[in-house]
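Below: the structure, in structure tokens.
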Amino acid sequence: MKIMNLVNAINDALDIKLKEDKNMIVYGQDVGVEGGVFRVTEGLQVKHGKDRVFDAPLAESGIAGTAVGMAIAGLRPVIEMQFSGFIYPAFNQIISHIARMHNRSRGRYRMPIVVRMPYGGGINALEHHSESFEAGFAHIPGLKVVIPSTPHDAKGLLISAIESDDPIIFMEPKRIYRAIKQEVQEEKFAIPIGKAAVLQQGTDVTIVAYGAMIREVQKAMVLAKQAGISVELIDLRTIYPIDRETIAQSVKKTGRIITVTEGVRSFGVASEITQIVSEDAFLSLEAPPKRVTGFDTIVPLPRGEHHYMQDAYKIFYEIEKTVNY
Amino acid sequence: MKIMNLVNAINDALDIKLKEDKNMIVYGQDVGVEGGVFRVTEGLQVKHGKDRVFDAPLAESGIAGTAVGMAIAGLRPVIEMQFSGFIYPAFNQIISHIARMHNRSRGRYRMPIVVRMPYGGGINALEHHSESFEAGFAHIPGLKVVIPSTPHDAKGLLISAIESDDPIIFMEPKRIYRAIKQEVQEEKFAIPIGKAAVLQQGTDVTIVAYGAMIREVQKAMVLAKQAGISVELIDLRTIYPIDRETIAQSVKKTGRIITVTEGVRSFGVASEITQIVSEDAFLSLEAPPKRVTGFDTIVPLPRGEHHYMQDAYKIFYEIEKTVNY
Amino acid sequence: MFKEYSPLNKKIFRIIDNNGKVKNKKWMPEIDNKVLVKAYKDMLFARTADLQTVNYQRQGRIFTYPPNYGQEAISGAVAQIIRHDDWLVPAFREMGAWLAKGVTLTEVFLYYMGNEDATRFKNANKVIPFSVPIASQLLHATGIAYEVKIHKKKEVVFTFVGDGGTSEGDFHEAVNFAGVWKVPVIFIVQNNQYGISTPTRVQTASESIAIKSVAYGVKGIQVDGNDFFAMYAAVQEAHKLALAEDGPILIEAVTYRKGAHTTSDDPTKYRTKEEEERWDKTDPMTRLKAYLTDQGLFDFDEDKIIAEYKKEVDRQFVAAENYTEYPIEDVFKYQYVDMPDDLKEQKREYEKFLKWKESKVK
Amino acid sequence: MFKEYSPLNKKIFRIIDNNGKVKNKKWMPEIDNKVLVKAYKDMLFARTADLQTVNYQRQGRIFTYPPNYGQEAISGAVAQIIRHDDWLVPAFREMGAWLAKGVTLTEVFLYYMGNEDATRFKNANKVIPFSVPIASQLLHATGIAYEVKIHKKKEVVFTFVGDGGTSEGDFHEAVNFAGVWKVPVIFIVQNNQYGISTPTRVQTASESIAIKSVAYGVKGIQVDGNDFFAMYAAVQEAHKLALAEDGPILIEAVTYRKGAHTTSDDPTKYRTKEEEERWDKTDPMTRLKAYLTDQGLFDFDEDKIIAEYKKEVDRQFVAAENYTEYPIEDVFKYQYVDMPDDLKEQKREYEKFLKWKESKVK
Ligand SMILES: Cc1ncc(C[n+]2csc(CCOP(=O)(O)OP(=O)(O)O)c2C)c(N)n1
Ligand SMILES: Cc1ncc(C[n+]2csc(CCOP(=O)(O)OP(=O)(O)O)c2C)c(N)n1
Ligand SMILES: [Mg+2]
Ligand SMILES: [Mg+2]
């Protein structure tokens with residue numbers, strides 16, 4: 001075991017797989033010499049060579065589109081988008097090809113591509129550096145969307161993502177890149193995609209969250225505990241496909257559910273969870289499934305960002321209302 | 001009054017506004033000489049000149065990005081994407097600028113841009129010609145998303161869209177471009193954005209739909225009537241912002257709701273409607289809010305497309321289940 | 001060749017004139033007579049199939065189809081040079097190249113009948129499916145070529161795009177990445193003067209499309225795409241260079257789309273009869289035929305061959321028409337390698353619905 | 001000028017050498033002495049502000065900031081030529097140009113303190129907000145220029161991008177559209193040798209960035225961006241051409257980012273001290289100062305002026321620091337002109353929550 005933060009854990013997963021699989025390659029803007037603007041790929045170029053870990057020209061569509069070709073030719077590209085807010089120029093390649101080539105070729109060409117990117121707010125960043133568009137990606141058939149919340153999960157999920165023969169959008173909560181440290185196994189291990197984790201058993205209300213929001217929910221749970229409310233916390237881990245069973249089981253027990261996300265409110269992840277719960281546990285529902293999310297607004301610049309972000313109080317506020325419904 | 005199909009009605013709205021507002025311009029691929037691949041802009045270049053109605057180079061980001069500049073300079077661009085499946089190269093300009101310039105400039109530069117495009121399946125088309133990505137656009141703050149279901153609505157909603165100082169994604173159900181004919185007022189009239197229409201009053205179940213799906217629901221309603229089920233049909237008209245009040249009121253009456261869309265199932269419009277109904281009419285719900293949608297798959301090519309599409313039976317199947325819940 | 005015909009010199013690379021006379025001996029490629037006749041016949045087959053396909057469409061037996069008519073020399077030249085081990089990254093208007101790589105007409109037809117099974121191209125080596133989003137496929141070619149390079153394979157990647165496609169950002173990024181990575185890819189721009197109704201001058205103000213190669217530090221050449229010999233020589237040289245790690249190469253093939261954009265298009269809306277007639281004189285098949293005739297190589301009964309080809313085309317068409325139904329399973333099966341449970345459930349639910357429907361409808 | 005220095009001739013346009021000596025009399029622009037001294041002082045002000053800003057960042061008083069250090073002659077030249085009626089479409093590293101258009105330092109600071117109010121630029125005419133998604137703003141410039149053209153206005157659009165930005169598809173589409181539409185826009189590429197850590201040779205294999213103009217049929221020129229006179233002459237000429245409807249123009253300004261990419265960046269990771277020292281000799285301020293000294297125009301006490309400037313910068317910084325709090329309203333107000341009811345409700349709900357929180361927290 002070794003103490004790692006998220007950055008270390010991701011670097012470690014990349015390193016292990018680069019060693020193990022000669023077809024895996026890593027590229028993106030400034031990931032080579034510089035090791036990425038968040039230093040996630042630090043040292044990998046020196047270890048694995050310039051053919052396999054390298055800087056791409058500044059063009060996201062180019063990065064994603066060439067990855068499609070590489071995957072067709074048998075490579076396993078792990079590409080980095082410098083921030084999730086800069087993935088949009090690559091949107092056409094992602095939705096039209098990464099998500100579809102396998103179907104279009106009727107299984108002939110797999111797309112074992114991982115698109116890694118830091119996402120989410122809370123780091124006092126400029127515009128476009130605080131986005132959470134996971135719901136948008138999750139709506140695209142052919143993709144899977146994975147978001148870790150701890151160093152341990154980051155390593156295990158990224159290993160699975162790299163080994164997956166389906167394309168994975170791998171979103172890294174940059175706000176906690178270095179904020180959470182934890183003992184992580186040094187050997188290779190995998191956490192299955194599509195399985196949520198029940199982080200805390202509880203009886204009064206289920207909270208579904210992921211990424212940097214887990215920490216905020218945990219803070220809210222302290223307040224809830226003081227108020228005598230027992231919260232069951234589910235870390236979604238995979239946004240698509242959602243682990244319906246774990247959620248339904250929990251709601252059948254608690255009768256109440258709140259989804260907490262950083263993303264924009266309307267047409268977001270929370271709405272999907274509500275739909276699922278309505279389908280799978282309707283008769284158990286004792287209160288309306290609620291959402292604690294961003295507003296239907298652009299993430300404000302740092303001086304206004306705290307209004308937009310979820311924190312312990314915002315979450316606890318909704319917990320109280322839901323439990324007292 | 002004049003008999004119009006959707007194509008005529010849209011052409012008419014464009015023509016009226018081009019006449020009225022010298023700052024309005026229309027461009028996109030093949031919209032000039034050819035009048036658009038669906039002939040929606042036919043005749044407009046001859047009437048309004050090549051500076052105001054013209055063919056753009058084959059580059060969607062270029063079309064959307066220049067529209068941002070034109071809007072800044074005081075024009076009101078109505079741009080056409082040849083098919084909604086080809087809008088993705090423009091995604092960055094749409095999400096990063098069209099949706100944001102007004103906020104970024106704190107109100108200084110408005111984005112009175114209409115992005116028109118044919119969308120949806122059912123026309124035996126090649127890949128990428130049958131998409132329904134309205135849920136993705138509706139998740140982007142700063143945009144409004146409008147979808148007409150009749151010639152009358154197409155004209156009135158497009159007039160509103162062109163007059164709106166907010167950017168509008170205007171999605172045209174190509175499947176019924178010429179299939180529905182109707183008397184439409186020749187003069188200018190506007191239908192407000194953000195207001196749904198109750199097309200049919202009913203008591204047993206509410207159905208929310210829009211675009212080409214309205215017709216399918218209406219067919220299903222014939223089956224429902226035979227089965228003695230009274231359906232209330234709401235045509236959403238605007239996907240964002242959703243008319244919560246009309247939906248909530250209806251569900252308070254019927255206690256049951258089904259959303260019918262062509263789009264992909266997960267993270268789609270239906271889930272948002274379910275969330276809204278859970279928030280606004282929870283205690284009235286007598287059955288789980290359900291969805292009749294596409295699968296979590298790419299729209300199959302024509303030979304398999306009927307499996308994916310919604311029709312009277314698929315809808316009626318869900319109506320029966322919901323009413324008998 | 002790439003020096004003499006550098007796009008900066010503003011000379012189009014041409015070998016035979018409209019009457020099939022060799023006007024540029026220096027660069028006349030050495031082609032075995034047998035190969036030459038085969039090339040002509042391959043082009044004839046492609047043209048026959050193409051014209052037949054337009055007919056099938058008129059008969060309502062397939063959906064929209066984009067004809068190749070008039071552009072056959074481009075694919076025809078590539079067809080003679082591309083090897084089993086070379087890659088083909090298609091757009092959608094280069095039938096001759098597909099056939100050379102082992103794509104069958106049945107697959108082509110099946111595709112335009114709307115079945116994804118077609119683009120598995122199961123007996124073709126190193127071909128990827130047709131690409132509809134314009135210019136996006138060029139990046140795939142660059143990516144494949146990157147793999148070829150780092151694994152030191154002796155392979156070349158051929159890819160196609162139209163004149164309209166050069167306006168897309170992906171064209172820029174694909175050629176630019178290829179230039180930086182110095183990978184063995186040949187970009188062939190079929191400049192057929194139009195993107196649907198939009199003429200090339202609305203796409204770009206540059207003097208040629210070939211000259212765009214300068215922006216990426218790659219070799220470029222403008223070729224008379226209706227001159228089989230010029231196309232052959234240019235593609236052969238490009239192939240050699242690419243194998244010698246001296247790629248990428250951008251070839252602008254100047255041609256004319258004699259047919260409609262697709263079977264849903266009506267070109268009379270945007271171009272004149274005079275223009276069409278002017279270009280008719282440059283028809284690639286006529287020119288090659290004139291050359292063959294001059295050389296005494298045109299010693300076969302063309303009508304008879306066409307009749308045979310038509311039969312073969314028909315046979316393959318009927319095979320596509322008789323292709324198995326589209327099983328429900330196929331809607332779901334290939335979305336993921338590892339299919340999500342929820343999607344499995346969607347399929348089960350759909351099958352349940354179908355059973356219910358059956359009970360209702362009859 | 002654009003003929004003699006066509007990018008195809010592979011000559012960089014330069015007027016003074018590193019010691020401020022005029023080496024290219026032919027193209028030495030005529031600049032009034034007063035204007036020249038003003039230009040120097042403007043650049044000095046911009047540099048002073050820039051260096052101060054880096055300090056503020058170190059003190060934790062603003063967030064990340066991208067320094068202009070070393071690139072001042074480019075904006076400095078534009079600043080002298082751009083008129084009240086001309087448009088400025090910025091990227092994020094051309095402070096001199098912003099200030100010339102009436103953007104205040106307080107606004108610049110407020111932006112890097114994280115408040116959108118900054119980019120209203122309320123006293124600046126025809127400037128649009130800074131653009132973060134690389135190269136995307138170039139299309140806005142082309143779009144504005146289209147309006148200028150069809151309404152026959154006498155305006156020119158200036159826009160900026162970095163060397164890295166030329167790799168993006170939007171660069172291609174913006175210059176290409178501008179070429180087709182023949183609109184009055186001047187694209188200035190600040191080639192400062194790096195995009196963050198990535199050197200220009202990883203961005204493109206083309207011989208220069210200026211040469212990319214050929215791909216779009218527009219005029220282009222490579223200019224020593226650290227030579228104020230060359231930049232002035234080139235921008236002046238471009239401006240004249242654009243007004244005469246002979247645009248667009250692409251100017252590659254070769255320079256060096258002496259500072260870090262942003263205050264979060266550490267250039268020692270990817271470049272050598274030797275390289276930095278080599279470029280130091282070309283510093284644009286030193287060279288212009290040497291020229292002024294030679295001409296006897298450097299008749300002011302620079303230290304004193306810098307001290308004054310620092311005070312002014314500080315004054316404007318404190319004004320930004322004292323800017324009003326960020327009202328809740330501002331999160332919502334500008335999302336739409338016609339705000340959806342649901343969004344209004346989200347605001348109300350948030351305010352209710354805040355009241356509740358107040359009651360809980362104290
Ligand atoms: C990204 C994208 N935008 C628009 C279209 C619609 N479309 C299909 S073909 C075509 C014109 C293509 O012109 P060109 O590249 O010259 O190729 P050609 O058809 O002439 O062979 C267009 C606009 C598309 N398929 N993809
Ligand atoms: C679309 C997009 N991708 C990535 C980034 C992150 N990023 C910010 S600046 C930069 C490098 C820009 O280099 P260049 O264009 O040369 O401009 P310079 O910073 O050198 O002035 C990158 C990659 C971004 N802002 N936008
Ligand atoms: Mg073409
Ligand atoms: Mg740079």
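Going through the structure tokens in order, the chains are called A, B, and so on, while each chain numbers its residues from 1 and the ligands are numbered from 1 in the order shown.
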Distance query Val299 of chain B at most 9 Å, only C-alpha atoms, self and fewer than 6 positions along chain excluded, as a PDB file with C-alpha atoms, in the first residue's frame:
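So part08.pdb came out as:
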```pdb
ATOM      1  CA  GLY B 121     -36.000   9.712 -38.017  1.00  0.00           C
ATOM      2  CA  GLU B 127     -26.537   7.235 -40.858  1.00  0.00           C
ATOM      3  CA  HIS B 128     -26.446  10.594 -39.037  1.00  0.00           C
ATOM      4  CA  SER B 130     -32.084  10.614 -38.117  1.00  0.00           C
ATOM      5  CA  GLU B 131     -30.808  12.092 -34.882  1.00  0.00           C
ATOM      6  CA  GLY B 263     -34.505  10.557 -28.740  1.00  0.00           C
ATOM      7  CA  VAL B 264     -32.296   8.143 -26.883  1.00  0.00           C
ATOM      8  CA  GLU B 305     -35.237   1.732 -37.876  1.00  0.00           C
ATOM      9  CA  TYR B 308     -36.320   2.009 -32.765  1.00  0.00           C
ATOM     10  CA  MET B 309     -39.157   4.360 -33.678  1.00  0.00           C
TER      11      MET B 309
ATOM     12  CA  VAL C 331     -30.329  -3.095 -33.096  1.00  0.00           C
TER      13      VAL C 331
END
```
| Shell around Ile257 of chain A at 7 Å using only C-alpha atoms, local window under 3 positions removed, as number ranges by chain | A: 205-207, 251, 289-290
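With distances taken over only C-alpha atoms, C:Ile134 is the one residue among C:Leu36, C:Val22, C:Ile134, C:Met28 lying closest to chain A.
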| field | At most 6 Å from ligand 2 (only C-alpha atoms and all ligand atoms): residue list as a PyMOL selection string | value | (chain A and resi 58+82+86) or (chain D and resi 93+132-134+161-165+192+194-196+261)
| Once you count only C-alpha atoms, which residues of chain B turn out to be within 9 Å of chain D? Could you give them as a PyMOL selection string? | chain B and resi 51-52+56-57+59+61-75+92-93+96-97+99-110+141-143+164-167+194+240-244
| message | Could you pull out the helix (DSSP H, G or I) residues of segment 207-321 of chain C, going by DSSP on the backbone, and write them as a VMD selection string? | response | chain C and resid 210 to 216 228 to 243 267 to 269 273 to 280 284 to 294 302 to 321
Could you make a table, as JSON lines, of the residues of chain C that have an atom within 8 Å of an atom of chain D, each with its nearest atom pair and distance in Å to one decimal, counting only C-alpha atoms, in chain and number order?
```
{"residue": "C:Ser167", "atom": "CA", "partner": "D:Glu173", "partner_atom": "CA", "distance": 6.5}
{"residue": "C:Glu168", "atom": "CA", "partner": "D:Glu173", "partner_atom": "CA", "distance": 6.7}
{"residue": "C:Gly169", "atom": "CA", "partner": "D:Gly169", "partner_atom": "CA", "distance": 3.6}
{"residue": "C:Asp170", "atom": "CA", "partner": "D:Gly169", "partner_atom": "CA", "distance": 6.1}
{"residue": "C:Phe171", "atom": "CA", "partner": "D:Gly169", "partner_atom": "CA", "distance": 8.0}
{"residue": "C:His172", "atom": "CA", "partner": "D:Gly169", "partner_atom": "CA", "distance": 6.0}
{"residue": "C:Glu173", "atom": "CA", "partner": "D:Gly169", "partner_atom": "CA", "distance": 6.1}
{"residue": "C:Asn176", "atom": "CA", "partner": "D:Thr204", "partner_atom": "CA", "distance": 6.1}
{"residue": "C:Phe177", "atom": "CA", "partner": "D:Thr204", "partner_atom": "CA", "distance": 7.3}
{"residue": "C:Gly179", "atom": "CA", "partner": "D:Ala205", "partner_atom": "CA", "distance": 5.4}
{"residue": "C:Val180", "atom": "CA", "partner": "D:Ala205", "partner_atom": "CA", "distance": 5.0}
{"residue": "C:Arg201", "atom": "CA", "partner": "D:Val180", "partner_atom": "CA", "distance": 7.4}
{"residue": "C:Val202", "atom": "CA", "partner": "D:Val180", "partner_atom": "CA", "distance": 6.1}
{"residue": "C:Gln203", "atom": "CA", "partner": "D:Val180", "partner_atom": "CA", "distance": 6.8}
{"residue": "C:Thr204", "atom": "CA", "partner": "D:Val180", "partner_atom": "CA", "distance": 5.4}
{"residue": "C:Ala205", "atom": "CA", "partner": "D:Gly217", "partner_atom": "CA", "distance": 4.8}
{"residue": "C:Ser206", "atom": "CA", "partner": "D:Gly217", "partner_atom": "CA", "distance": 3.8}
{"residue": "C:Glu207", "atom": "CA", "partner": "D:Gly217", "partner_atom": "CA", "distance": 6.3}
{"residue": "C:Ile209", "atom": "CA", "partner": "D:Ala215", "partner_atom": "CA", "distance": 7.6}
{"residue": "C:Ile211", "atom": "CA", "partner": "D:Ala215", "partner_atom": "CA", "distance": 6.1}
{"residue": "C:Lys212", "atom": "CA", "partner": "D:Ala215", "partner_atom": "CA", "distance": 4.3}
{"residue": "C:Ser213", "atom": "CA", "partner": "D:Ala215", "partner_atom": "CA", "distance": 7.6}
{"residue": "C:Val214", "atom": "CA", "partner": "D:Ser206", "partner_atom": "CA", "distance": 6.5}
{"residue": "C:Ala215", "atom": "CA", "partner": "D:Lys212", "partner_atom": "CA", "distance": 4.2}
{"residue": "C:Tyr216", "atom": "CA", "partner": "D:Ser206", "partner_atom": "CA", "distance": 4.6}
{"residue": "C:Gly217", "atom": "CA", "partner": "D:Ser206", "partner_atom": "CA", "distance": 3.8}
{"residue": "C:Val218", "atom": "CA", "partner": "D:Ser206", "partner_atom": "CA", "distance": 7.5}
```
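For chain A, the residues having at least one atom no farther than 6 Å from chain B, when counting only C-alpha atoms, are Tyr88, Pro89, Phe91, Asn92, Gly136, His139, Pro141, Ser266, Phe267, Ser271, Glu272, Thr274, Gln275, Ser278, Glu279, Phe282, Pro288, Asp296, Thr297 and Ile298 of chain A.
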| request: Going by DSSP on the backbone, which bits of segment 2-211 of chain A are strand (DSSP E)? Write them as an NGL selection string, please. | output: :A and (2-4 or 24-28 or 53-55 or 76-80 or 114-119 or 144-146 or 168-173 or 182-184 or 197-200 or 205-209)
